[in-house]
Amino acid sequence: KNMAAFESLLGTELLDNNKNTVATSNLLANSDYVAFYFSASWCPSCKGFTPNLIKFYNKMKEQGKNFEIVFVSSDKNEETWKEYADLMPWVFLPYPDRQRKKDLAKNFNIPGIPTLIILNKNGQTVSSEGRVKVIEDPEGVEFPWQK
């Protein structure tokens, strides 16, 4: 697996679901697909979408899919980020790394939030329509929704 691609995008360390610092390569090593979830607690449509995404994520895990989500936050401060992240079952870009968040948003041409970008294990974009697809295909029948 090409972890170098994910390390160049996300850095060498992420936070696991318990907010512990873990090597990016360890957290994502077994993932066939990784989704970047661009979202924020102040955004009403994000707050509306997140519960759907949590259900989808849990369903994928139950089906044994090797799939991970990385939350890339646009929250205004670390406190609101933490409250929002506490609801989520996946992994996180460390909040203080604001420059990397900006670079990711630019790199993937994020028009607004919420946005869910699906990447394959080599770090190549498979779908930038994840948000729509999770709603249209909540069981993930067509996942990873290749273009």
# chains A, B, ... in the order shown; residues from 1 in each chain; ligands from 1
$ residues_around --residues "range 42-59 of chain A" --least-positions-apart "6" --cutoff "12 Å" --atoms "only C-alpha atoms" --output "number ranges by chain"
A: 33-36, 65-71, 73-77, 80-81, 83-91, 112-116, 130-141, 143
$ closest_residue --among "A:Lys82, A:Lys147, A:Arg98, A:Lys106" --to "Leu119 in chain A" --atoms "only C-alpha atoms"
A:Lys147
$ select_by_dssp --residues "chain A" --states "alpha helix (DSSP H)" --output "number ranges by chain"
A: 3-10, 24-28, 44-62, 78-85, 98-107, 130-136
$ residues_around --residues "Ala29 in chain A" --least-positions-apart "6" --cutoff "12 Å" --atoms "only C-alpha atoms" --output "PyMOL selection string"
chain A and resi 1-7+22-23+66-68+120-123
$ select_by_dssp --residues "range 32-125 of chain A" --states "strand (DSSP E)" --output "MDAnalysis selection string"
chainID A and resid 33:39 67:73 91:92 115:120 125
$ atom_distance --atom1 "CA of Pro144 in chain A" --atom2 "CA of Gly11 in chain A"
24.0 Å
$ closest_residue --among "A:Val72, A:Pro94, A:Asp103, A:Glu62" --to "Ile117 in chain A" --atoms "only C-alpha atoms"
A:Val72
